[in-house]
file input-v2.txt (compact mmCIF, C-alpha atoms)
# COMPACT_ATOMS: atom_id res chain seq x y z
CA MET A 241 -4.51 3.59 -34.14
CA ASN A 242 -6.43 3.78 -30.83
CA LYS A 243 -6.48 7.27 -29.45
CA PHE A 244 -5.50 8.23 -25.94
CA SER A 245 -5.83 11.79 -24.75
CA LEU A 246 -5.22 13.80 -21.63
CA THR A 247 -6.80 17.18 -20.92
CA LEU A 248 -5.82 19.57 -18.17
CA LYS A 249 -8.58 22.06 -17.38
CA ASP A 250 -7.65 25.00 -15.13
CA VAL A 251 -5.32 22.77 -13.12
CA THR A 252 -4.03 24.70 -10.13
CA LYS A 253 -1.95 23.47 -7.21
CA ILE A 254 -1.36 25.32 -3.96
CA PHE A 255 0.68 23.90 -1.08
CA GLY A 256 -0.20 25.82 2.04
CA ARG A 257 0.16 29.43 0.95
CA ARG A 258 2.54 28.65 -1.90
CA LEU A 259 1.19 28.64 -5.43
CA ILE A 260 2.91 25.93 -7.47
CA PHE A 261 1.11 26.59 -10.77
CA ASP A 262 -2.07 28.31 -11.78
CA LYS A 263 -4.72 27.34 -14.33
CA ILE A 264 -2.85 25.03 -16.64
CA ASN A 265 -5.01 24.33 -19.67
CA TYR A 266 -3.49 21.88 -22.10
CA SER A 267 -4.42 18.89 -24.24
CA PHE A 268 -2.13 15.94 -24.91
CA GLU A 269 -2.75 13.25 -27.52
CA SER A 270 -1.23 9.88 -28.29
CA GLY A 271 1.34 9.70 -31.09
CA LYS A 272 3.47 12.49 -29.68
CA VAL A 273 6.11 13.11 -27.05
CA TYR A 274 5.35 16.06 -24.75
CA GLY A 275 7.69 17.73 -22.30
CA LEU A 276 7.11 19.35 -18.92
CA ALA A 277 9.93 21.81 -18.38
CA GLY A 278 10.97 24.23 -15.67
CA PRO A 279 13.74 24.79 -13.15
CA ASN A 280 14.13 22.76 -9.95
CA GLY A 281 11.15 23.21 -7.66
CA SER A 282 8.94 24.61 -10.41
CA GLY A 283 6.34 21.85 -10.00
CA LYS A 284 7.17 19.33 -12.76
CA SER A 285 6.95 16.38 -10.38
CA THR A 286 3.81 17.78 -8.76
CA LEU A 287 2.14 18.08 -12.16
CA SER A 288 3.30 14.52 -13.00
CA LYS A 289 1.73 13.27 -9.78
CA ILE A 290 -1.50 15.12 -10.57
CA ILE A 291 -1.60 13.63 -14.09
CA SER A 292 -1.01 10.16 -12.68
CA GLY A 293 -3.79 10.57 -10.11
CA LEU A 294 -1.43 10.34 -7.14
CA LEU A 295 -2.18 13.89 -6.12
CA GLU A 296 -5.39 15.91 -6.37
CA PRO A 297 -5.22 19.39 -7.91
CA THR A 298 -6.37 22.23 -5.65
CA HIS A 299 -8.62 23.40 -8.49
CA GLY A 300 -9.35 22.15 -11.96
CA LYS A 301 -9.75 18.80 -13.64
CA VAL A 302 -7.59 16.15 -15.26
CA ILE A 303 -9.43 14.09 -17.86
CA HIS A 304 -7.99 10.90 -19.34
CA GLU A 305 -9.75 9.46 -22.37
CA SER A 306 -9.19 6.26 -24.28
CA ASP A 307 -10.96 5.98 -27.64
CA GLY A 308 -13.31 8.77 -26.60
CA SER A 309 -14.32 7.18 -23.29
CA ILE A 310 -13.40 8.88 -20.02
CA ILE A 311 -11.25 6.69 -17.77
CA ILE A 312 -12.42 6.66 -14.16
CA PRO A 313 -9.65 7.26 -11.56
CA GLU A 314 -10.00 3.71 -10.14
CA LYS A 315 -9.08 2.27 -13.56
CA LEU A 316 -6.32 4.72 -14.45
CA HIS A 317 -3.56 2.38 -13.24
CA ASP A 318 -4.41 -0.01 -16.10
CA TYR A 319 -3.51 2.69 -18.64
CA LEU A 320 -0.60 4.36 -16.92
CA GLY A 321 3.12 3.61 -16.89
CA PHE A 322 5.05 5.87 -14.53
CA VAL A 323 8.78 6.26 -14.00
CA SER A 324 9.96 8.66 -11.34
CA PRO A 325 12.82 9.16 -8.86
CA TYR A 326 10.48 8.74 -5.88
CA LEU A 327 9.14 5.41 -7.14
CA VAL A 328 10.60 2.54 -5.11
CA LEU A 329 10.41 -1.16 -5.93
CA TYR A 330 10.70 -3.98 -3.38
CA ASP A 331 14.31 -4.50 -2.33
CA GLU A 332 13.57 -7.85 -0.67
CA PHE A 333 12.45 -9.40 -3.99
CA THR A 334 14.41 -10.24 -7.11
CA ALA A 335 13.76 -8.42 -10.38
CA GLU A 336 11.64 -11.30 -11.65
CA GLU A 337 9.67 -11.57 -8.41
CA ASN A 338 8.97 -7.84 -8.45
CA LEU A 339 7.58 -8.04 -11.98
CA PHE A 340 5.57 -11.17 -11.15
CA HIS A 341 3.94 -9.60 -8.08
CA PHE A 342 3.21 -6.33 -9.88
CA SER A 343 1.49 -8.17 -12.73
CA LYS A 344 -0.63 -10.22 -10.34
CA ILE A 345 -1.61 -7.21 -8.21
CA ARG A 346 -2.58 -5.35 -11.39
CA GLY A 347 -4.80 -8.32 -12.21
CA THR A 348 -2.96 -9.20 -15.41
CA GLN A 349 -1.36 -12.48 -16.39
CA TYR A 350 2.40 -12.47 -15.85
CA ASP A 351 3.90 -12.54 -19.34
CA SER A 352 7.25 -14.24 -18.66
CA GLU A 353 8.33 -13.96 -22.31
CA LYS A 354 7.71 -10.22 -22.38
CA ALA A 355 9.43 -9.82 -19.01
CA LYS A 356 12.40 -11.77 -20.31
CA SER A 357 12.70 -9.69 -23.47
CA MET A 358 12.46 -6.45 -21.49
CA LEU A 359 15.04 -7.60 -18.95
CA GLU A 360 17.30 -8.45 -21.89
CA GLU A 361 16.59 -5.14 -23.58
CA PHE A 362 17.59 -3.24 -20.44
CA ASN A 363 20.62 -5.48 -19.98
CA ILE A 364 19.72 -6.85 -16.56
CA TYR A 365 18.58 -10.34 -17.57
CA ASN A 366 21.70 -11.92 -16.09
CA ARG A 367 20.94 -10.31 -12.75
CA ARG A 368 17.23 -11.19 -12.76
CA THR A 369 17.51 -13.54 -9.78
CA ASP A 370 19.41 -11.07 -7.60
CA LEU A 371 17.57 -9.21 -4.87
CA LEU A 372 16.93 -5.59 -5.82
CA LYS A 373 18.85 -4.39 -2.77
CA ALA A 374 22.01 -5.57 -4.55
CA TYR A 375 21.25 -3.42 -7.62
CA SER A 376 22.98 -0.15 -8.38
CA SER A 377 20.88 3.01 -8.75
CA GLY A 378 21.21 2.81 -12.54
CA MET A 379 19.98 -0.80 -12.58
CA LYS A 380 17.06 0.17 -10.35
CA GLN A 381 16.21 2.94 -12.82
CA ARG A 382 16.18 0.35 -15.62
CA MET A 383 13.87 -1.83 -13.51
CA LYS A 384 11.50 1.11 -13.11
CA PHE A 385 11.17 1.25 -16.89
CA ILE A 386 10.32 -2.43 -17.07
CA PHE A 387 7.81 -1.93 -14.24
CA ALA A 388 6.23 0.94 -16.18
CA LEU A 389 6.13 -0.84 -19.55
CA LEU A 390 5.27 -4.45 -18.71
CA HIS A 391 1.49 -3.95 -18.82
CA SER A 392 1.64 -2.04 -22.17
CA PRO A 393 0.31 1.32 -20.90
CA ARG A 394 -1.33 3.93 -23.13
CA LEU A 395 0.14 6.85 -21.17
CA LEU A 396 3.83 6.77 -20.34
CA LEU A 397 4.74 9.42 -17.81
CA LEU A 398 8.47 9.84 -17.29
CA ASP A 399 9.75 12.07 -14.51
CA GLU A 400 13.51 12.58 -14.92
CA PRO A 401 13.75 9.42 -17.03
CA THR A 402 17.50 9.40 -17.52
CA SER A 403 18.61 10.09 -13.96
CA ASN A 404 21.29 7.61 -12.76
CA LEU A 405 21.62 6.09 -16.23
CA ASP A 406 24.86 5.67 -18.15
CA ASN A 407 25.10 6.58 -21.84
CA PRO A 408 23.96 3.18 -23.21
CA GLY A 409 21.06 3.31 -20.73
CA LYS A 410 20.08 6.78 -21.94
CA GLU A 411 20.23 5.65 -25.57
CA LYS A 412 17.96 2.70 -24.76
CA VAL A 413 15.49 5.00 -22.98
CA TYR A 414 15.38 7.38 -25.96
CA GLU A 415 14.82 4.45 -28.30
CA ILE A 416 11.92 3.24 -26.15
CA ILE A 417 10.40 6.72 -25.89
CA ASN A 418 10.37 7.05 -29.69
CA ARG A 419 8.94 3.56 -30.08
CA GLU A 420 6.20 4.10 -27.49
CA ALA A 421 5.26 7.48 -28.95
CA GLU A 422 4.23 5.82 -32.22
CA ASN A 423 1.00 4.59 -30.64
CA ASN A 424 0.86 5.98 -27.14
CA LEU A 425 1.09 9.24 -25.28
CA VAL A 426 4.50 9.96 -23.77
CA ILE A 427 5.10 12.84 -21.35
CA ILE A 428 8.58 13.66 -20.08
CA ALA A 429 9.20 15.89 -17.07
CA SER A 430 12.83 16.87 -17.15
CA ASN A 431 15.49 19.57 -17.09
CA GLU A 432 17.85 17.68 -19.39
CA ASP A 433 18.15 19.24 -22.82
CA SER A 434 18.72 15.84 -24.40
CA ASP A 435 15.45 14.53 -22.88
CA LEU A 436 13.47 17.59 -23.97
CA ALA A 437 14.95 17.39 -27.47
CA LEU A 438 12.69 14.36 -28.07
CA CYS A 439 9.54 16.36 -27.35
CA LYS A 440 7.26 17.75 -30.06
CA GLU A 441 5.62 20.16 -27.63
CA ILE A 442 6.88 21.51 -24.32
CA VAL A 443 4.81 22.91 -21.46
CA ASN A 444 6.88 25.34 -19.44
CA ILE A 445 5.55 25.34 -15.87
CA GLU A 446 7.05 28.80 -15.29
CA ASP A 447 4.41 30.20 -17.68
CA PHE A 448 1.69 29.21 -15.20
CA LYS A 449 3.00 30.81 -12.03
CA ASN A 450 0.81 33.95 -11.97
CA ASN A 451 3.81 35.69 -10.35
CA GLY A 452 3.27 33.53 -7.26
CA ASN A 453 -0.01 35.28 -6.42
CA ILE A 454 -2.89 33.19 -5.20
CA LYS A 455 -6.11 34.46 -6.71
CA MET B 240 -7.76 -12.17 -6.90
CA LYS B 241 -5.84 -8.86 -6.99
CA ALA B 242 -6.24 -8.50 -3.24
CA PHE B 243 -5.05 -12.07 -2.77
CA ALA B 244 -2.01 -11.31 -4.96
CA LEU B 245 -1.21 -8.35 -2.71
CA PHE B 246 -1.65 -10.54 0.36
CA LYS B 247 0.72 -13.10 -1.18
CA LYS B 248 3.29 -10.41 -1.92
CA ASP B 249 3.03 -9.13 1.67
CA TRP B 250 3.28 -12.61 3.11
CA LEU B 251 6.41 -13.47 1.12
CA SER B 252 7.87 -10.08 1.98
CA GLU B 253 7.11 -10.71 5.67
CA LEU B 254 8.82 -14.10 5.55
CA ARG B 255 11.95 -12.42 4.18
CA THR B 256 12.03 -9.23 6.23
CA ARG B 257 10.27 -10.44 9.42
CA TYR B 258 9.01 -6.92 10.09
CA ALA B 259 5.89 -7.98 12.01
CA ILE B 260 6.44 -11.62 12.97
CA ASN B 261 9.57 -10.93 15.05
CA ALA B 262 7.98 -7.97 16.80
CA LEU B 263 4.87 -10.00 17.62
CA ALA B 264 6.72 -13.13 18.76
CA MET B 265 9.06 -11.17 21.04
CA PHE B 266 6.21 -9.13 22.48
CA ILE B 267 4.11 -12.21 23.23
CA LEU B 268 7.01 -14.03 24.90
CA VAL B 269 8.12 -11.04 26.97
CA THR B 270 4.59 -10.12 28.11
CA ILE B 271 3.60 -13.63 29.13
CA SER B 272 6.95 -14.10 30.92
CA VAL B 273 6.47 -10.83 32.85
CA ILE B 274 2.96 -11.89 33.87
CA LEU B 275 4.21 -15.30 35.00
CA PHE B 276 7.09 -13.79 37.02
CA SER B 277 4.85 -11.17 38.63
CA ILE B 278 2.24 -13.76 39.64
CA GLY B 279 4.81 -16.16 41.08
CA GLN B 280 3.09 -18.79 43.23
CA GLU B 281 -0.01 -16.64 43.66
CA LYS B 282 -3.28 -18.26 42.67
CA ILE B 283 -5.20 -15.99 40.30
CA THR B 284 -8.89 -16.19 39.45
CA GLU B 285 -10.28 -17.45 36.13
CA TYR B 286 -11.76 -14.03 35.39
CA LEU B 287 -8.43 -12.31 35.88
CA THR B 288 -6.73 -14.80 33.51
CA GLY B 289 -9.43 -14.16 30.92
CA GLY B 290 -8.86 -10.42 31.30
CA LEU B 291 -5.10 -10.79 31.03
CA LEU B 292 -5.54 -12.80 27.82
CA TRP B 293 -7.21 -9.84 26.08
CA VAL B 294 -4.74 -7.37 27.55
CA VAL B 295 -1.88 -9.36 26.00
CA ILE B 296 -3.79 -9.65 22.72
CA PHE B 297 -4.53 -5.89 22.63
CA PHE B 298 -0.93 -4.84 23.25
CA SER B 299 0.49 -7.49 20.90
CA ALA B 300 -1.78 -6.15 18.18
CA MET B 301 -0.41 -2.68 18.93
CA SER B 302 3.17 -3.87 18.49
CA GLY B 303 2.88 -5.69 15.17
CA LEU B 304 -0.21 -4.94 13.15
CA SER B 305 0.69 -1.40 12.13
CA ARG B 306 3.47 -2.83 9.96
CA ALA B 307 1.02 -3.55 7.10
CA PHE B 308 1.09 0.09 6.02
CA VAL B 309 3.98 1.54 8.00
CA SER B 310 6.51 -0.76 6.31
CA GLU B 311 5.29 0.38 2.87
CA GLU B 312 5.54 4.03 3.94
CA GLU B 313 9.00 3.60 5.45
CA ARG B 314 10.36 1.81 2.40
CA GLY B 315 8.76 4.35 0.08
CA THR B 316 6.74 1.72 -1.80
CA THR B 317 3.34 3.31 -1.07
CA LEU B 318 3.54 5.21 -4.33
CA THR B 319 4.26 2.01 -6.24
CA LEU B 320 1.14 0.39 -4.79
CA GLN B 321 -0.94 3.46 -5.61
CA LEU B 322 0.17 3.08 -9.23
CA ILE B 323 -0.81 -0.55 -9.64
CA ALA B 324 -4.03 -1.08 -7.75
CA SER B 325 -7.24 0.61 -6.62
CA PRO B 326 -7.63 1.63 -2.96
CA ALA B 327 -10.21 -1.14 -2.40
CA THR B 328 -7.74 -3.78 -3.62
CA ILE B 329 -5.00 -2.41 -1.37
CA PHE B 330 -7.23 -2.36 1.69
CA SER B 331 -8.56 -5.86 1.03
CA GLY B 332 -5.05 -7.27 0.58
CA LYS B 333 -3.71 -5.60 3.71
CA LEU B 334 -6.79 -6.64 5.68
CA LEU B 335 -6.38 -10.26 4.61
CA PHE B 336 -2.74 -10.13 5.72
CA ASN B 337 -3.68 -8.70 9.12
CA VAL B 338 -6.53 -11.21 9.59
CA ILE B 339 -4.10 -14.11 9.08
CA LEU B 340 -1.52 -12.47 11.35
CA VAL B 341 -4.08 -11.78 14.10
CA PHE B 342 -5.36 -15.36 14.00
CA LEU B 343 -1.84 -16.82 14.16
CA MET B 344 -0.86 -14.43 16.94
CA ASN B 345 -3.99 -15.03 19.01
CA ILE B 346 -3.95 -18.80 18.56
CA ALA B 347 -0.35 -18.75 19.88
CA ILE B 348 -1.31 -16.50 22.84
CA THR B 349 -4.37 -18.61 23.73
CA PHE B 350 -2.35 -21.81 23.46
CA LEU B 351 0.37 -20.40 25.76
CA PHE B 352 -2.27 -19.21 28.23
CA SER B 353 -3.94 -22.63 28.33
CA VAL B 354 -0.59 -24.34 28.92
CA LEU B 355 0.96 -21.88 31.39
CA PHE B 356 -2.04 -20.68 33.41
CA GLU B 357 -3.87 -23.35 35.42
CA SER B 358 -6.79 -21.05 36.06
CA PHE B 359 -7.45 -20.46 32.36
CA VAL B 360 -10.31 -22.94 32.00
CA ILE B 361 -12.98 -22.45 29.35
CA ASN B 362 -16.21 -24.26 30.15
CA ASN B 363 -18.10 -23.29 27.00
CA ALA B 364 -15.62 -23.83 24.16
CA LEU B 365 -18.12 -23.00 21.40
CA LEU B 366 -18.95 -19.60 22.90
CA PHE B 367 -15.26 -18.83 23.31
CA LEU B 368 -14.57 -19.94 19.73
CA ILE B 369 -17.30 -17.68 18.31
CA SER B 370 -16.04 -14.73 20.39
CA PHE B 371 -12.47 -15.50 19.36
CA ILE B 372 -13.29 -15.59 15.63
CA PHE B 373 -15.38 -12.40 15.53
CA GLY B 374 -13.05 -10.68 17.98
CA ASN B 375 -10.01 -11.43 15.85
CA ILE B 376 -11.75 -10.18 12.72
CA GLY B 377 -12.69 -6.96 14.56
CA ILE B 378 -9.14 -6.44 15.80
CA ALA B 379 -7.76 -7.03 12.30
CA ILE B 380 -10.19 -4.57 10.65
CA SER B 381 -9.61 -1.82 13.23
CA SER B 382 -5.84 -2.32 13.26
CA THR B 383 -5.66 -2.17 9.47
CA ILE B 384 -7.54 1.12 9.09
CA ILE B 385 -5.69 2.68 12.05
CA ALA B 386 -2.38 1.53 10.52
CA ALA B 387 -3.36 3.24 7.26
CA ILE B 388 -4.14 6.48 9.11
CA ILE B 389 -0.99 6.55 11.24
CA SER B 390 1.34 5.54 8.39
CA LYS B 391 0.94 9.10 7.03
CA ALA B 392 1.74 10.67 10.40
CA GLY B 393 5.13 11.64 11.82
CA SER B 394 5.02 10.00 15.26
CA LYS B 395 3.68 6.62 14.24
CA GLY B 396 4.75 4.65 17.32
CA THR B 397 2.90 6.89 19.78
CA LEU B 398 -0.14 7.51 17.66
CA TYR B 399 -1.03 3.86 17.05
CA PRO B 400 -1.93 2.84 20.63
CA VAL B 401 -3.48 6.25 21.33
CA LEU B 402 -5.80 5.98 18.33
CA SER B 403 -6.44 2.26 18.83
CA PHE B 404 -7.57 2.53 22.44
CA PRO B 405 -10.92 4.31 21.90
CA ILE B 406 -11.63 2.37 18.71
CA LEU B 407 -10.86 -1.05 20.15
CA LEU B 408 -12.32 -0.38 23.63
CA PRO B 409 -15.93 -1.42 22.82
CA LEU B 410 -14.60 -4.56 21.15
CA ILE B 411 -12.28 -5.50 24.02
CA LEU B 412 -15.03 -4.85 26.63
CA THR B 413 -17.45 -7.10 24.75
CA LEU B 414 -14.79 -9.78 24.36
CA LEU B 415 -14.00 -9.61 28.09
CA GLU B 416 -17.67 -10.12 28.85
CA LEU B 417 -17.98 -13.07 26.46
CA THR B 418 -14.79 -14.68 27.80
CA LYS B 419 -16.25 -14.39 31.31
CA PHE B 420 -19.43 -16.13 30.08
CA ALA B 421 -17.34 -18.84 28.38
CA ILE B 422 -15.33 -19.39 31.59
CA ASP B 423 -18.59 -19.61 33.59
CA GLY B 424 -19.95 -22.13 31.08
CA ASP B 425 -23.00 -19.98 30.26
CA LEU B 426 -25.25 -21.07 27.42
CA LEU B 427 -24.75 -19.65 23.95
CA GLU B 428 -28.39 -18.49 23.90
CA ASP B 429 -27.75 -16.31 26.97
CA SER B 430 -24.85 -14.53 25.26
CA LEU B 431 -26.56 -13.65 21.98
CA VAL B 432 -26.73 -9.90 22.71
CA GLU B 433 -22.94 -9.68 23.19
CA ILE B 434 -22.34 -11.80 20.08
CA PHE B 435 -24.59 -9.49 18.05
CA VAL B 436 -22.68 -6.49 19.39
CA LEU B 437 -19.47 -8.15 18.24
CA VAL B 438 -20.83 -8.90 14.76
CA CYS B 439 -22.24 -5.35 14.46
CA TYR B 440 -18.87 -3.90 15.48
CA ASP B 441 -17.15 -5.92 12.72
CA VAL B 442 -19.70 -4.91 10.08
CA ILE B 443 -19.63 -1.22 11.04
CA MET B 444 -15.83 -1.08 11.16
CA LEU B 445 -15.52 -2.90 7.83
CA THR B 446 -18.00 -0.59 6.08
CA ALA B 447 -16.51 2.56 7.58
CA SER B 448 -13.00 1.41 6.71
CA TYR B 449 -13.80 0.83 3.03
CA LEU B 450 -15.54 4.22 2.85
CA LEU B 451 -12.68 6.04 4.58
CA PHE B 452 -9.76 4.31 2.95
CA ASP B 453 -10.02 6.19 -0.37
CA PHE B 454 -9.44 9.48 1.45
CA ILE B 455 -6.68 8.14 3.69
CA TRP B 456 -4.78 6.45 0.88
CA LYS B 457 -4.43 9.49 -1.39
CA GLU B 458 -1.95 12.20 -0.54
call {"tool": "encode", "arguments": {"input": "input-v2.txt", "output": "structure tokens"}}
result
Amino acid sequence: MNKFSLTLKDVTKIFGRRLIFDKINYSFESGKVYGLAGPNGSGKSTLSKIISGLLEPTHGKVIHESDGSIIIPEKLHDYLGFVSPYLVLYDEFTAEENLFHFSKIRGTQYDSEKAKSMLEEFNIYNRRTDLLKAYSSGMKQRMKFIFALLHSPRLLLLDEPTSNLDNPGKEKVYEIINREAENNLVIIASNEDSDLALCKEIVNIEDFKNNGNIK
Amino acid sequence: MKAFALFKKDWLSELRTRYAINALAMFILVTISVILFSIGQEKITEYLTGGLLWVVIFFSAMSGLSRAFVSEEERGTTLTLQLIASPATIFSGKLLFNVILVFLMNIAITFLFSVLFESFVINNALLFLISFIFGNIGIAISSTIIAAIISKAGSKGTLYPVLSFPILLPLILTLLELTKFAIDGDLLEDSLVEIFVLVCYDVIMLTASYLLFDFIWKE
């Protein structure tokens, strides 16, 4: 099994004068599901953004490694699948068109068979030619999973993965998380007990608050 | 290829949403109509027509070219793009889109000027063509990087022309000079300094934009 690892070294984030978290040191490895827990506003999404390279930490380092080689930030998008509430797909395109354009912009060949099987798996194959603006929020959430998984990422980062999903949708997501965790690294940022129940290890952001004091 | 894929996505998106094309088309039509009505039967000089051409081009660029990044920011898809491509790919794709849009826009404006204004007579077509090509590329590069900067700001509409004016001023002044030479029918050899200034402007703006874009693009 190829190894993928993520190391957080003294990761600190400060917005203005507000300390979000202080000196998070943690190592994550493929083959496991990890959780990022904490109440609303604790910084789960901020830490997810920092891990995904969308946001720079105020201090500290985030190191992604694949088979022992450090991944440079410019190449991280090839290894990362990200699902989050603030991720928005293109409403003016159909589901298929969205997936086609994303594959091409990533520089990968559009695998129509894989796209078809994933659309079927998430139960939106029959609506694949509808514009995304006609989708419900739950269907859009399902599309985000396909967007995140289509390029077979090594790191799957899921911020509130089951929001807007019905029970069959949640079951499907849990099945996929367990399947992906066999070979890849899966990190879930959530408040839901049922989401966190899948995790082998949980990082509680509240443990890294330093009582709100900026050192 | 990745940049071209992004350009293709933007182009198809533009054809469906008409974010920029409608704004540009309406602006061009309204501006040229206002100029025509205000001139009336008055005979205007060739130089003034040449100047008006670049005024219309400058303000048309202000009205439509910011959409490349602003539309992504407004729809919330910036994050999606950040997740699938490197900053260099994003900038190249957006620049390609703006280059095509600027050329289409400026060809339409120049065509309308040549049809509607009798005094718009170019005596050195090659000189005008060279100025037009390098000028359009310069406008596209500057507009793209300014669009990226203002897309993160709150008051986008006001900031775009304010920021564009000092950046585009040297380009517009050089283009005005070259258009004057083209109207006069001056030789290409006599206009080499201005052409070099134009090429240097494009190269400097392109280099600076690629260097800056990494910092602008990340939150």
call {"tool": "interface_residues", "arguments": {"input": "input-v2.txt", "of": "chain B", "to": "chain A", "cutoff": "7 Å", "atoms": "all atoms listed in the file", "output": "NGL selection string"}}
result
:B and (241-242 or 244-245 or 248 or 252 or 255 or 315-316 or 318-319 or 322-325 or 457-458)
call {"tool": "atom_distance", "arguments": {"input": "input-v2.txt", "atom1": "CA of Gly308 in chain A", "atom2": "CA of Val251 in chain A"}}
result
21.0 Å
call {"tool": "atom_distance", "arguments": {"input": "input-v2.txt", "atom1": "CA of Lys301 in chain A", "atom2": "CA of Ile416 in chain A"}}
result
29.5 Å
call {"tool": "residues_near_point", "arguments": {"input": "input-v2.txt", "point": "(0.1, -3.0, 14.4)", "cutoff": "12 Å", "atoms": "only C-alpha atoms", "output": "VMD selection string"}}
result
chain B and resid 258 to 260 262 to 263 266 296 to 310 333 to 334 336 to 338 340 to 341 344 378 to 390 395 to 400 402 to 403
call {"tool": "atom_distance", "arguments": {"input": "input-v2.txt", "atom1": "CA of Lys284 in chain A", "atom2": "CA of Tyr375 in chain A"}}
result
27.2 Å
